Every structure is written in C-alpha cells, then in structure tokens.
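Participant: Please find one structure pasted underneath; my questions will follow.
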Amino acid sequence: MATTLLSLAPVMFLIAMGYILRARKMIEPGFWLPCEKLNYFYLFPALMFSQVASTDLKEFPVQPIACSVLGAVVIAALSLWLWRLWSKQSGRVFSSVVQGALRPNTYIGVAAAAATYGNTGLTVTSISIAVAIPILNIASIVVLMHYGRGTKPGFAQITKALIRNPVILSVVTGLLFNMSGLNISATATGILHILGGASLPLGLLAVGAGLDLKAAKMAHGPVLQSTFVKLLLVPLITLIIGIWTGISGPVLATVVLFNALPCTPSAYIMTKLLGGDHQLSAGIISVQTVLAAMTIPFILMLTQISPIL
C-alpha cells in the first residue's frame with residue numbers, strides 16, 4: 001500500500017499543482033486551453049503511437065485484457081440502465097451518469113501505470129486504450145444523443161467523431177505500423193520520445209487546472225451514483241473477470257487500474273454538445289478526480305491480495 005501511494009504521489013502532486021496554479025492565477029488563464037489542445041492533438045498521440053508501434057504485443061494477453069476491460073464496462077452500463085428503469089431517472093441525467101461512470105481519464109491512466117508498473121504498465125494501458133476508447137466514444141455519442149437530445153445518431157456522425165479523435169487515430173496507426181513489421185528510425189524515435197515525455201506532465205497539470213470544486217460541493221445522488229460505479233464497482237468487476245481469465249501480476253493490476261480511473265474531462269464537452277446535463281458532468285468529473293486519490297491505491301491493494309479472494 002505504501003509503495004503504491006509513493007509511486008502515485010507524483011501524479012497526484014501534478015494534478016494538485018495544476019489546480020493551485022489556476023486557482024491562484026499564477027499562470028495566465030489563457031494558457032490552459034492552448035496547453036490542452038497541444039497535448040490532445042499532438043503530444044499524447046505521439047506517446048500512444050510510439051508505445052503501440054514499438055511493442056511486441058505477442059508478449060501480452062490481449063484477449064483477456066479486452067474481456068476484462070469491456071466485460072466490466074458492459075455489466076456496469078447494464079446495471080445503470082436497470083436502475084434508470086426502476087427509479088425513472090430522467091434521460092439527461094442518465095446520459096451524464098453513464099458517461100461519467102464509464103469513460104476513463106487516459107492522462108492519469110498512462111502516468112499512473114508508467115509510474116507504478118513501468119513499461120509493462122504503459123503497454124497494457126495502451127492496449128486497454130486501443131480496445132476501450134473507440135467503443136466508449138461510440139457508446140457515449142449514442143447514449144447522449146438518444147437520452148439527452150432525444151435523437152438517434154447516424155453512421156456519418158459517429159464515424160466523423162471517431163476519425164477526429166487523435167488518440168484513437170494514433171493507437172490505430174500504431175497498431176497498423178506494428179503489424180507491418182517496419183521499424184521506427186532512431187531520429188523518429190527520438191522525436192516521439194521528446195513529444196511523449198512532455199505529454200504526461202502537461203496533461204496532469206491541465207487535469208488539475210480543470211477541476212471545478214464548486215461543482216463538486218454540489219454533489220448529490222447522480223454524482224455519487226456515477227462515482228461509486230466508476231471508482232469502485234467497475235474496477236472490482238474488472239478484478240474478478242481478470243482473475244477468471246487468468247491474468248495476474250502487473251498486467252492484472254494495470255487492467256484494474258485502467259478501469260479505476262476517474263472520468264475524462266472531455267466528457268463535459270461532449271455532454272454539453274450532445275444534450276446531456278453538463279453541470280452534472282462537471283460535478284462528476286471533479287468529485288471522481290479528487291476521490292480517485294484514495295480509491296485507486298485501495299483498488300490496487302486488492303489486486304495484490306487477489307489470490308486470497
């Protein structure tokens with residue numbers, strides 16, 4: 001437990017630093033949006049491409065990883081849908097709760113996995129991103145438009161959203177490059193390493209700067225519901241499925257970590273654009289990001305004693 005906390009401390013420190021820098025206006029407010037765009041469109045995709053393109057994926061149990069990540073998400077989504085039927089939760093609230101309960105913050109995920117489990121953690125997280133992010137993006141669009149806006153998204157809308165997502169594009173391109181058998185040149189590797197190295201600290205600072213603690217103070221039923229599912233229920237189900245499929249060690253812990261991440265800030269933008277309750281989303285994101293500092297070490301501790309369970 002102590003080792004896990006120490007390895008995650010730099011991640012939490014940078015998030016807290018980002019919040020303080022923004023709250024005290026130690027950096028011009030206009031800095032943060034360009035910073036987020038630079039990271040989202042260039043730096044983080046460079047990290048994802050280089051990791052996926054250069055890793056021997058045959059060394060990792062891709063199918064069990066996919067089953068663990070997606071199986072837990074499906075079970076959680078079904079439980080939220082059944083709750084909505086029983087409680088008569090409004091469509092706008094439900095669409096925001098679902099997105100908050102299922103979409104991970106990949107900046108925190110990659111940084112935490114690399115800090116805790118090294119190259120294995122980084123690679124397994126990259127595989128999890130390749131498996132989960134396209135599906136979760138499609139599901140978010142469908143749920144938000146159907147329950148939030150009351151319309152059915154067309155194939156063209158979904159395709160447009162996916163091909164404009166730089167993280168998805170970088171992972172898919174990396175997979176294709178990996179399967180081609182080609183090698184990345186030393187010069188390109190050096191450039192990608194520098195760009196990727198800048199991604200995580202900037203991404204974590206931006207996460208902290210985006211926290212809205214006023215929205216977090218207004219936490220109520222749907223916020224707590226989404227938070228419970230995202231930070232506790234989904235990772236526990238992931239742990240059970242992972243053990244059942246034969247995953248163990250750092251691979252199991254990284255898969256569980258991926259599904260224990262707080263909701264991504266981009267969920268707020270998508271919710272606002274597609275008709276969900278964006279104020280509720282702001283509260284969910286902020287509450288989850290703060291509480292994850294406590295729940296993630298607890299969940300990772302469970303992966304270490306999983307043989308006893």
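We name chains A, B, ... following the order of the structure tokens; residues begin at 1 in each chain, and ligands are numbered from 1 as shown.
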DSSP on the backbone, then: every residue of stretch 172-302 of chain A marked alpha helix (DSSP H), written as a PyMOL selection string.
Facilitator: chain A and resi 172-180+186-209+213-217+221-228+234-244+249-258+266-274+278-302
Participant: Hey, what's within 6 Å of stretch 38-55 of chain A if we count only C-alpha atoms and toss same-chain stuff fewer than 6 positions away? As a ChimeraX atom specification, please?
Facilitator: /A:166-167,170-171,174-175,177-178,192,195-196,199
Participant: For a test of reading the model, state the distance in Å between atom CA of A:Ile247 and atom CA of A:Ser68, rounded to one decimal.
Facilitator: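 Atom-to-atom, atom CA of A:Ile247 to atom CA of A:Ser68, that is 9.1 Å.
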Participant: Counting only C-alpha atoms, what is within 8 Å of A:Thr106, bar same-chain residues fewer than 2 positions away, as a compact mmCIF listing (two decimals) with all heavy atoms, in the first residue's frame?
Facilitator:
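Result went into out-v2.txt, see below:
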```
# COMPACT_ATOMS: atom_id res chain seq x y z
N PRO A 104 -12.72 6.71 -19.06
CA PRO A 104 -11.54 6.93 -18.21
C PRO A 104 -10.71 8.13 -18.63
O PRO A 104 -10.68 8.52 -19.80
CB PRO A 104 -10.74 5.64 -18.43
CG PRO A 104 -11.04 5.28 -19.86
CD PRO A 104 -12.46 5.70 -20.11
N ILE A 108 -4.27 10.46 -16.71
CA ILE A 108 -3.96 9.92 -15.38
C ILE A 108 -3.59 8.44 -15.49
O ILE A 108 -2.67 7.97 -14.83
CB ILE A 108 -5.16 10.11 -14.43
CG1 ILE A 108 -5.44 11.59 -14.20
CG2 ILE A 108 -4.90 9.41 -13.09
CD1 ILE A 108 -6.65 11.86 -13.33
N GLY A 109 -4.30 7.71 -16.36
CA GLY A 109 -4.06 6.28 -16.51
C GLY A 109 -2.66 5.95 -16.97
O GLY A 109 -1.97 5.10 -16.38
N VAL A 110 -2.22 6.63 -18.02
CA VAL A 110 -0.88 6.37 -18.55
C VAL A 110 0.19 6.77 -17.54
O VAL A 110 1.16 6.03 -17.32
CB VAL A 110 -0.68 7.11 -19.89
CG1 VAL A 110 0.77 7.02 -20.35
CG2 VAL A 110 -1.60 6.54 -20.96
N ILE A 129 -6.47 1.17 -23.99
CA ILE A 129 -6.97 2.33 -24.72
C ILE A 129 -7.42 1.92 -26.12
O ILE A 129 -8.49 2.33 -26.59
CB ILE A 129 -5.89 3.42 -24.79
CG1 ILE A 129 -5.70 4.06 -23.41
CG2 ILE A 129 -6.24 4.49 -25.83
CD1 ILE A 129 -4.52 5.02 -23.33
N LEU A 261 -9.95 4.47 -13.17
CA LEU A 261 -9.62 5.87 -13.40
C LEU A 261 -10.85 6.75 -13.30
O LEU A 261 -11.96 6.32 -13.64
CB LEU A 261 -8.99 6.04 -14.78
CG LEU A 261 -7.66 5.33 -15.01
CD1 LEU A 261 -7.27 5.39 -16.47
CD2 LEU A 261 -6.57 5.93 -14.12
N THR A 264 -12.95 11.23 -17.71
CA THR A 264 -12.17 12.18 -18.50
C THR A 264 -12.84 13.54 -18.59
O THR A 264 -14.07 13.63 -18.72
CB THR A 264 -11.95 11.63 -19.92
OG1 THR A 264 -11.33 12.64 -20.73
CG2 THR A 264 -13.27 11.25 -20.58
```
Participant: Nearest residue to A:Leu78 out of A:Pro297, A:Gly18, A:Val234, A:Ala66, using only C-alpha atoms?
Facilitator: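 Closest residue, counting only C-alpha atoms: A:Val234.
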Participant: So, counting only C-alpha atoms, which residue among A:Ser140, A:Thr295, A:Gln99, A:Thr123 is closest to A:Leu57?
Facilitator: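 Checking each of A:Ser140, A:Thr295, A:Gln99, A:Thr123 against A:Leu57, counting only C-alpha atoms, the winner is A:Thr123.
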Participant: Determine the nearest neighbour of A:Val223 from the options A:Trp86, A:Phe94, A:Trp81, A:Trp32, counting only C-alpha atoms.
Facilitator: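 Checking each of A:Trp86, A:Phe94, A:Trp81, A:Trp32 against A:Val223, counting only C-alpha atoms, the winner is A:Phe94.
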Participant: With only C-alpha atoms as the counted atoms, please give the residues lying no more than 12 Å from stretch 20-22 of chain A, apart from itself and same-chain residues fewer than 3 positions off, as JSON, numbers by chain.
Facilitator: {"A": [13, 14, 15, 16, 17, 25, 26, 27, 28, 29, 30, 31, 32, 33, 205, 206, 207, 208, 209, 210, 211, 212, 213]}
Participant: Considering only C-alpha atoms, return as a PyMOL selection string whatever protein or nucleic-acid residues lie within 9 Å of A:Asn259, sequence-local ones (same chain, fewer than 4 positions apart) excluded.
Facilitator: chain A and resi 69+72-73+102-104+109+230-231+234-236+238+254-255
Participant: Using only C-alpha atoms, which protein or nucleic acid residues come within 12 Å of A:Leu6? Drop anything in the same chain fewer than 5 positions from it, and give the result as a list in words.
Facilitator: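 Listed by chain and then number, they are Met1, Val11, Met12, Phe13, Ala112, Ala115, Thr116, Ala293 and Pro297 of chain A.
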Participant: Record the distance separating atom CA of A:Ala23 and atom CA of A:Leu280, expressed in Å with one decimal.
Facilitator: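 Computing it gives 21.1 Å between the two atoms.
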Participant: Compare A:Ile194, A:Ile284, A:Val143, A:Leu252 by their minimum atom-to-atom distance to A:Gly221, counting only C-alpha atoms, and give me the closest one.
Facilitator: A:Ile284
Participant: Work out how far apart atom CA of A:Pro265 and atom CA of A:Phe228 are and give it in Å to one decimal.
Facilitator: 17.7 Å
